[in-house]
Structures are given as structure tokens and as C-alpha cells.
file coords_7.csv (CSV, C-alpha atoms)
chain,number,residue,atom,x,y,z
A,1,MET,CA,36.6,-18.4,10.4
A,2,SER,CA,40.1,-18.2,11.9
A,3,GLU,CA,42.5,-21.2,12.0
A,4,ALA,CA,42.3,-21.2,15.7
A,5,ALA,CA,38.5,-21.4,15.7
A,6,LYS,CA,38.7,-24.2,13.2
A,7,GLY,CA,41.0,-26.2,15.5
A,8,THR,CA,38.5,-26.2,18.4
A,9,GLY,CA,35.6,-27.0,16.1
A,10,LYS,CA,33.8,-24.0,17.5
A,11,LYS,CA,32.0,-21.6,15.3
A,12,VAL,CA,31.4,-18.0,16.0
A,13,PRO,CA,27.6,-17.5,16.2
A,14,LYS,CA,26.3,-15.1,13.6
A,15,LYS,CA,23.8,-12.3,14.3
A,16,PHE,CA,20.4,-13.1,12.7
A,17,LEU,CA,17.6,-10.6,12.6
A,18,TYR,CA,14.1,-11.6,11.6
A,19,VAL,CA,12.2,-8.5,10.5
A,20,ASN,CA,8.4,-8.6,10.9
A,21,ARG,CA,6.4,-5.9,9.1
A,22,LYS,CA,3.0,-7.5,8.5
A,23,ALA,CA,-0.1,-7.8,10.6
A,24,PRO,CA,-1.0,-11.4,11.6
A,25,TYR,CA,-3.8,-13.5,9.9
A,26,GLY,CA,-4.4,-11.4,6.7
A,27,THR,CA,-1.3,-13.0,5.1
A,28,ILE,CA,0.8,-16.0,6.0
A,29,TYR,CA,4.0,-13.9,6.5
A,30,ALA,CA,3.8,-13.6,10.3
A,31,LEU,CA,3.2,-17.3,10.9
A,32,GLU,CA,5.9,-18.3,8.4
A,33,ALA,CA,8.4,-16.0,10.2
A,34,LEU,CA,7.6,-17.6,13.5
A,35,GLU,CA,8.1,-21.1,12.0
A,36,VAL,CA,11.5,-20.0,10.6
A,37,VAL,CA,12.6,-18.5,13.9
A,38,LEU,CA,11.7,-21.7,15.7
A,39,ILE,CA,13.7,-23.7,13.1
A,40,GLY,CA,16.6,-21.3,13.3
A,41,ALA,CA,16.7,-21.4,17.1
A,42,ALA,CA,18.0,-24.9,16.9
A,43,PHE,CA,21.3,-23.7,15.3
A,44,ASP,CA,22.7,-21.7,18.3
A,45,GLN,CA,23.0,-18.4,16.6
A,46,ASP,CA,22.6,-14.9,18.0
A,47,VAL,CA,18.9,-14.3,17.1
A,48,SER,CA,16.9,-11.1,17.4
A,49,LEU,CA,13.4,-10.2,16.2
A,50,ALA,CA,12.3,-6.8,14.9
A,51,PHE,CA,8.7,-5.6,14.9
A,52,LEU,CA,7.9,-2.5,12.9
A,53,ASP,CA,5.1,-1.1,10.7
A,54,ASP,CA,2.0,-3.4,10.9
A,55,GLY,CA,4.3,-6.1,12.4
A,56,VAL,CA,3.7,-4.6,15.8
A,57,PHE,CA,0.1,-6.0,15.7
A,58,GLN,CA,1.6,-9.5,15.9
A,59,LEU,CA,2.4,-8.9,19.6
A,60,ALA,CA,-0.9,-7.2,20.5
A,61,ASN,CA,-2.6,-8.6,23.5
A,62,GLY,CA,-6.2,-9.7,23.5
A,63,GLN,CA,-6.1,-11.6,20.2
A,64,ASP,CA,-9.1,-14.0,19.7
A,65,THR,CA,-9.2,-16.0,16.5
A,66,LYS,CA,-12.1,-18.2,17.2
A,67,GLY,CA,-14.3,-16.3,14.8
A,68,ILE,CA,-12.0,-16.7,11.8
A,69,GLY,CA,-11.2,-20.4,12.3
A,70,MET,CA,-7.4,-19.8,12.3
A,71,LYS,CA,-4.8,-20.8,14.9
A,72,LYS,CA,-3.9,-18.1,17.3
A,73,PHE,CA,-0.1,-18.2,17.2
A,74,ALA,CA,0.5,-15.2,19.4
A,75,ASN,CA,1.2,-17.3,22.4
A,76,THR,CA,4.1,-19.0,20.7
A,77,TYR,CA,6.2,-15.7,21.0
A,78,ARG,CA,6.2,-16.2,24.7
A,79,ALA,CA,7.8,-19.7,24.3
A,80,LEU,CA,10.7,-18.3,22.3
A,81,GLY,CA,12.7,-17.4,25.4
A,82,ASP,CA,13.1,-21.2,26.1
A,83,TYR,CA,14.8,-21.4,22.7
A,84,GLY,CA,17.3,-18.6,23.5
A,85,VAL,CA,15.4,-16.0,21.5
A,86,THR,CA,15.2,-13.2,24.0
A,87,LYS,CA,15.5,-9.9,22.0
A,88,PHE,CA,12.3,-8.5,20.6
A,89,TYR,CA,13.0,-5.0,19.2
A,90,VAL,CA,9.7,-3.1,18.9
A,91,GLU,CA,9.7,0.2,17.1
A,92,LYS,CA,8.3,3.1,19.0
A,93,GLU,CA,7.2,5.2,16.0
A,94,SER,CA,5.3,2.2,14.6
A,95,LEU,CA,3.3,1.8,17.8
A,96,GLN,CA,2.6,5.5,18.0
A,97,SER,CA,1.3,5.7,14.4
A,98,ARG,CA,-1.2,2.9,15.3
A,99,GLY,CA,-2.3,4.4,18.6
A,100,LEU,CA,-0.6,1.7,20.6
A,101,THR,CA,1.6,1.7,23.6
A,102,LEU,CA,3.8,-1.0,25.2
A,103,GLY,CA,0.8,-1.7,27.5
A,104,ASP,CA,-1.2,-2.9,24.4
A,105,LEU,CA,1.4,-5.7,23.8
A,106,GLN,CA,1.4,-9.0,25.5
A,107,GLU,CA,4.1,-9.5,28.1
A,108,ILE,CA,7.0,-11.6,26.9
A,109,THR,CA,9.8,-12.7,29.3
A,110,TYR,CA,12.7,-15.0,29.5
A,111,GLU,CA,14.7,-16.6,32.3
A,112,ASP,CA,18.3,-15.2,32.3
A,113,GLU,CA,20.5,-18.2,32.8
A,114,ASN,CA,23.5,-15.9,33.4
A,115,ASP,CA,21.6,-14.1,36.3
A,116,ASP,CA,20.2,-16.8,38.5
A,117,PHE,CA,17.3,-17.5,36.0
A,118,LYS,CA,15.7,-14.2,36.9
A,119,GLU,CA,12.7,-13.4,34.7
A,120,LYS,CA,13.4,-10.5,32.4
A,121,PRO,CA,11.4,-8.7,29.7
A,122,SER,CA,12.2,-9.7,26.1
A,123,ILE,CA,10.6,-6.7,24.5
A,124,ILE,CA,13.0,-3.8,23.9
A,125,LEU,CA,11.3,-0.6,22.8
A,126,VAL,CA,13.5,1.3,20.3
A,127,SER,CA,13.3,4.4,18.2
A,128,ARG,CA,13.5,4.2,14.4
A,129,ALA,CA,17.1,5.3,14.5
A,130,GLU,CA,18.0,2.7,17.1
A,131,LEU,CA,16.3,0.0,15.1
A,132,SER,CA,18.2,1.1,12.0
A,133,GLU,CA,21.4,0.6,14.0
A,134,VAL,CA,20.4,-2.8,15.1
A,135,MET,CA,19.7,-3.8,11.5
A,136,ALA,CA,23.1,-2.5,10.4
A,137,GLN,CA,24.9,-4.7,13.0
A,138,GLN,CA,23.6,-8.0,11.7
A,139,ASP,CA,25.3,-10.7,9.7
A,140,VAL,CA,22.0,-11.9,8.2
A,141,VAL,CA,18.7,-10.1,7.9
A,142,LEU,CA,15.6,-12.1,7.0
A,143,SER,CA,12.4,-10.1,6.1
A,144,PHE,CA,8.8,-11.2,6.3
B,1,MET,CA,23.8,-2.3,3.8
B,2,LEU,CA,21.9,-3.0,0.6
B,3,HIS,CA,18.1,-2.6,0.7
B,4,THR,CA,15.8,-4.0,-2.0
B,5,VAL,CA,12.2,-2.8,-2.5
B,6,ASN,CA,9.8,-4.8,-4.7
B,7,LYS,CA,6.5,-2.9,-4.0
B,8,SER,CA,5.0,0.1,-5.7
B,9,PRO,CA,5.0,3.2,-3.4
B,10,PHE,CA,1.5,3.9,-4.7
B,11,GLN,CA,0.3,0.6,-3.3
B,12,THR,CA,2.2,0.1,0.0
B,13,THR,CA,4.3,2.1,2.4
B,14,THR,CA,7.2,-0.3,1.9
B,15,LEU,CA,9.5,2.2,0.2
B,16,GLN,CA,8.7,4.9,2.7
B,17,SER,CA,9.5,2.6,5.6
B,18,CYS,CA,12.7,1.4,3.9
B,19,LEU,CA,13.9,4.9,3.3
B,20,ARG,CA,13.3,5.9,7.0
B,21,HIS,CA,15.6,3.1,8.1
B,22,THR,CA,18.4,3.8,5.7
B,23,ARG,CA,21.7,5.1,7.1
B,24,LYS,CA,24.5,7.1,5.4
B,25,GLY,CA,26.3,5.0,2.9
B,26,ASP,CA,23.5,2.5,2.3
B,27,ALA,CA,22.2,1.5,-1.1
B,28,VAL,CA,18.6,1.1,-2.2
B,29,LEU,CA,17.8,-1.0,-5.2
B,30,LEU,CA,14.3,-0.9,-6.7
B,31,ILE,CA,13.1,-4.1,-8.3
B,32,GLU,CA,9.9,-5.6,-9.7
B,33,ASP,CA,7.0,-3.2,-9.0
B,34,GLY,CA,9.4,-1.3,-6.8
B,35,VAL,CA,10.7,0.4,-10.0
B,36,LEU,CA,7.6,2.6,-10.1
B,37,GLY,CA,9.2,4.5,-7.2
B,38,ALA,CA,11.9,5.7,-9.6
B,39,LEU,CA,9.4,7.9,-11.5
B,40,LYS,CA,9.9,11.6,-11.1
B,41,GLY,CA,7.2,14.1,-10.4
B,42,THR,CA,5.0,11.7,-8.4
B,43,ASP,CA,3.6,11.8,-4.9
B,44,ALA,CA,6.4,9.4,-3.8
B,45,SER,CA,9.4,10.9,-5.6
B,46,GLY,CA,10.1,13.4,-2.9
B,47,ASP,CA,11.0,10.6,-0.5
B,48,ILE,CA,13.9,9.4,-2.7
B,49,TRP,CA,14.9,12.9,-3.6
B,50,GLY,CA,15.2,13.7,0.1
B,51,ARG,CA,17.6,10.8,0.8
B,52,ARG,CA,19.7,11.1,-2.4
B,53,VAL,CA,22.8,12.7,-0.7
B,54,GLU,CA,23.3,10.0,1.9
B,55,VAL,CA,21.9,7.0,0.0
B,56,ALA,CA,22.8,5.6,-3.4
B,57,PHE,CA,19.7,4.6,-5.5
B,58,TYR,CA,19.6,1.9,-8.2
B,59,VAL,CA,16.9,0.6,-10.5
B,60,LEU,CA,16.9,-2.9,-12.1
B,61,GLY,CA,16.8,-2.0,-15.8
B,62,PRO,CA,14.9,-5.1,-17.1
B,63,ASP,CA,12.1,-4.4,-14.6
B,64,ALA,CA,12.0,-0.7,-15.5
B,65,ASP,CA,12.1,-1.5,-19.2
B,66,ALA,CA,9.2,-4.0,-18.8
B,67,ARG,CA,7.1,-1.2,-17.3
B,68,GLY,CA,8.0,1.5,-19.7
B,69,ILE,CA,10.0,3.4,-17.1
B,70,THR,CA,12.7,5.0,-19.3
B,71,LYS,CA,15.7,6.8,-18.0
B,72,GLU,CA,14.1,10.2,-19.0
B,73,ARG,CA,11.1,9.4,-16.7
B,74,MET,CA,13.3,8.7,-13.7
B,75,ILE,CA,14.4,10.9,-10.8
B,76,ASP,CA,17.8,12.4,-11.6
B,77,GLY,CA,20.7,10.6,-10.2
B,78,ILE,CA,19.2,7.1,-10.0
B,79,ASN,CA,21.5,4.5,-11.5
B,80,VAL,CA,20.1,1.9,-13.8
B,81,ILE,CA,21.8,-1.5,-13.5
B,82,ASP,CA,21.4,-5.0,-15.1
B,83,TYR,CA,21.4,-8.4,-13.3
B,84,GLU,CA,25.2,-8.5,-13.2
B,85,GLY,CA,25.1,-5.1,-11.5
B,86,PHE,CA,22.6,-6.5,-9.0
B,87,VAL,CA,25.1,-9.3,-8.1
B,88,ASP,CA,27.9,-6.7,-7.8
B,89,LEU,CA,25.8,-4.7,-5.4
B,90,VAL,CA,25.1,-7.7,-3.2
B,91,ALA,CA,28.8,-8.6,-3.2
B,92,GLN,CA,29.8,-5.0,-2.3
B,93,HIS,CA,27.6,-4.8,0.8
B,94,LYS,CA,28.1,-6.8,4.0
B,95,THR,CA,24.3,-7.4,4.4
B,96,SER,CA,21.2,-7.2,2.2
B,97,GLN,CA,17.7,-6.6,3.5
B,98,ALA,CA,14.6,-7.3,1.4
B,99,TRP,CA,11.7,-4.9,2.1
B,100,LEU,CA,8.6,-6.9,1.1

call {"tool": "encode", "arguments": {"input": "coords_7.csv", "output": "C-alpha cells"}}
result
Amino acid sequence: MSEAAKGTGKKVPKKFLYVNRKAPYGTIYALEALEVVLIGAAFDQDVSLAFLDDGVFQLANGQDTKGIGMKKFANTYRALGDYGVTKFYVEKESLQSRGLTLGDLQEITYEDENDDFKEKPSIILVSRAELSEVMAQQDVVLSF
Amino acid sequence: MLHTVNKSPFQTTTLQSCLRHTRKGDAVLLIEDGVLGALKGTDASGDIWGRRVEVAFYVLGPDADARGITKERMIDGINVIDYEGFVDLVAQHKTSQAWL
């Protein structure tokens, strides 16, 4: 941190990326990642989420967990916008490999406080190369 | 960026996915069961061989030793490092990403 920044007591937010590569329910990774994102959201950092490989299934619409007796946490992603988590990078190639399109994912939006609280989509469809670039730009990458 | 991979390429697609997201100048360190990916002449070795020019590859020696993966059995050009070397790699790169 620069001396000037120290003087004002302000800290430059760091770029945090949470990488999701596992399908939900089969393992605890997806739910744990969500918990950590919610905790991390309290610290006013520049947070993004990445969904690739089987991680894209975390955002699939039409999830119904009644039969397996587990909590359906998919709805929680839609609440993240209220915590300032508004960037969900979803990898195109991962969707394609699994026969999915953007239309198979639940709609996730946030209200842009810098634009008259207009509702905007949180999901950003990116290519593998673009996602690699997003990863390279981070200060901290946390994988699940 | 430093990438670590701790899964066998014969069990999961973790290494494959990691390699597809590497960029020029990145380093990949194979640890735990990930060291199996260092073997030459396997179904998986072509993936590492294909990225060897742009990406530097490392294997954590103690994990390789434990599994009988000797230097002679490894793909040419892979660097074997110890725990201190692991720390150096982390220090040399701005960020680390664990592929699980």
C-alpha cells in the first residue's frame, strides 16, 4: 500500500476470483464455495466467480433436491448481487461439452447502483481464452 | 501464474483443464497424485508435451519418489523440485491457482 493510501485509511480492494469446477450435491465443494463467497463479500473486495467444467451445473435451472434430502442452494446465487457480487464468468466451451446453452442456466441479475439501479445480468459468457485472461488478472484465486 | 495439480490425469480431467487455461510464461507444478501426469508414454503425456514450449513444468520430488516415478520415467524437460523449490515457485509468481 502507498503511504498516501495509508494516510487516508483506505485500502485498495483486491481482485478475488472464486473458481467453481464441480457439480453440486455429489461433493461439498460447491456449497462450501458459496459459503466462502458470502463470507468474503463482507470485506468489500472486487469479487468475481468463475464456472467451468462440471461447475456450470451449479447454475443449471430446474434443480429439485427434494428426492435426495439436501438443501437446494442454487437460489442463493441470485442473492449475491445484493452483496456486491455481480460477475459470474461462465465458460462457453464447458457449456458446449455438456450440451448446455445459456438458456439452461437460471437467470441471475443485480441492480446497478451506478446506473439508476437498473437490473442487469450477472452472468458473463466467456471463451476459454477469455477466462484464462480473467484468471491472470486476479490478486487472489480460490479454487473449489 | 503458478498452477498446481493434485489429481491423476487417469482419474480426472483436472490436468487437462488446467493446461487448457495456461498462458505463455505460466508454470505448472504436479503434486500428490498429480505427479502421475509426469510419466512419459501415457495417454495423458501428450497434453504436457504440447504445452512444453510456453509453460514450465515441475514435479514435487518427494511425491514422485513416493510413487516410484523416477526421473527416467518422466517426460523430458520436466523439472523435479523439493519443498523449498515449491516455496520459491510460489514466491516467484504473482498468483497461484490450485486445480483440485

call {"tool": "residues_near_point", "arguments": {"input": "coords_7.csv", "point": "(20.3, 7.0, 7.2)", "cutoff": "12 Å", "atoms": "only C-alpha atoms", "output": "ChimeraX atom specification"}}
result
/A:128-133,135-136 /B:1,3,17-28,50-56

call {"tool": "residues_around", "arguments": {"input": "coords_7.csv", "residues": "range 79-92 of chain B", "least_positions_apart": "6", "cutoff": "6 Å", "atoms": "all atoms listed in the file", "output": "mmCIF file with C-alpha atoms, keeping the file's coordinate frame"}}
result
data_model
loop_
_atom_site.group_PDB
_atom_site.id
_atom_site.type_symbol
_atom_site.label_atom_id
_atom_site.label_comp_id
_atom_site.auth_asym_id
_atom_site.auth_seq_id
_atom_site.Cartn_x
_atom_site.Cartn_y
_atom_site.Cartn_z
ATOM 1 C CA TYR B 58 19.600 1.900 -8.200
ATOM 2 C CA VAL B 59 16.900 0.600 -10.500
ATOM 3 C CA LEU B 60 16.900 -2.900 -12.100
ATOM 4 C CA GLY B 61 16.800 -2.000 -15.800
#

call {"tool": "interface_residues", "arguments": {"input": "coords_7.csv", "of": "chain A", "to": "chain B", "cutoff": "12 Å", "atoms": "all atoms listed in the file", "output": "number ranges by chain"}}
result
A: 15-22, 29, 52-54, 91, 93-94, 127-144

call {"tool": "atom_distance", "arguments": {"input": "coords_7.csv", "atom1": "CA of Val90 in chain A", "atom2": "CA of Ser122 in chain A"}}
result
10.1 Å

call {"tool": "atom_distance", "arguments": {"input": "coords_7.csv", "atom1": "CA of Lys71 in chain A", "atom2": "CA of Leu34 in chain A"}}
result
12.9 Å

call {"tool": "atom_distance", "arguments": {"input": "coords_7.csv", "atom1": "CA of Lys7 in chain B", "atom2": "CA of Asp33 in chain B"}}
result
5.0 Å

call {"tool": "residues_around", "arguments": {"input": "coords_7.csv", "residues": "Leu36 in chain B", "least_positions_apart": "3", "cutoff": "12 Å", "atoms": "all atoms listed in the file", "output": "ChimeraX atom specification"}}
result
/B:5-12,15,29-33,39-45,48,59-61,63-70,73-75

call {"tool": "residues_around", "arguments": {"input": "coords_7.csv", "residues": "range 105-116 of chain A", "least_positions_apart": "6", "cutoff": "8 Å", "atoms": "only C-alpha atoms", "output": "JSON, numbers by chain"}}
result
{"A": [59, 60, 61, 62, 77, 78, 81, 82, 86, 122, 123]}

call {"tool": "closest_residue", "arguments": {"input": "coords_7.csv", "among": "B:Gly46, B:Pro62, B:His93, B:Thr4", "to": "Asp76 in chain B", "atoms": "all atoms listed in the file"}}
result
B:Gly46
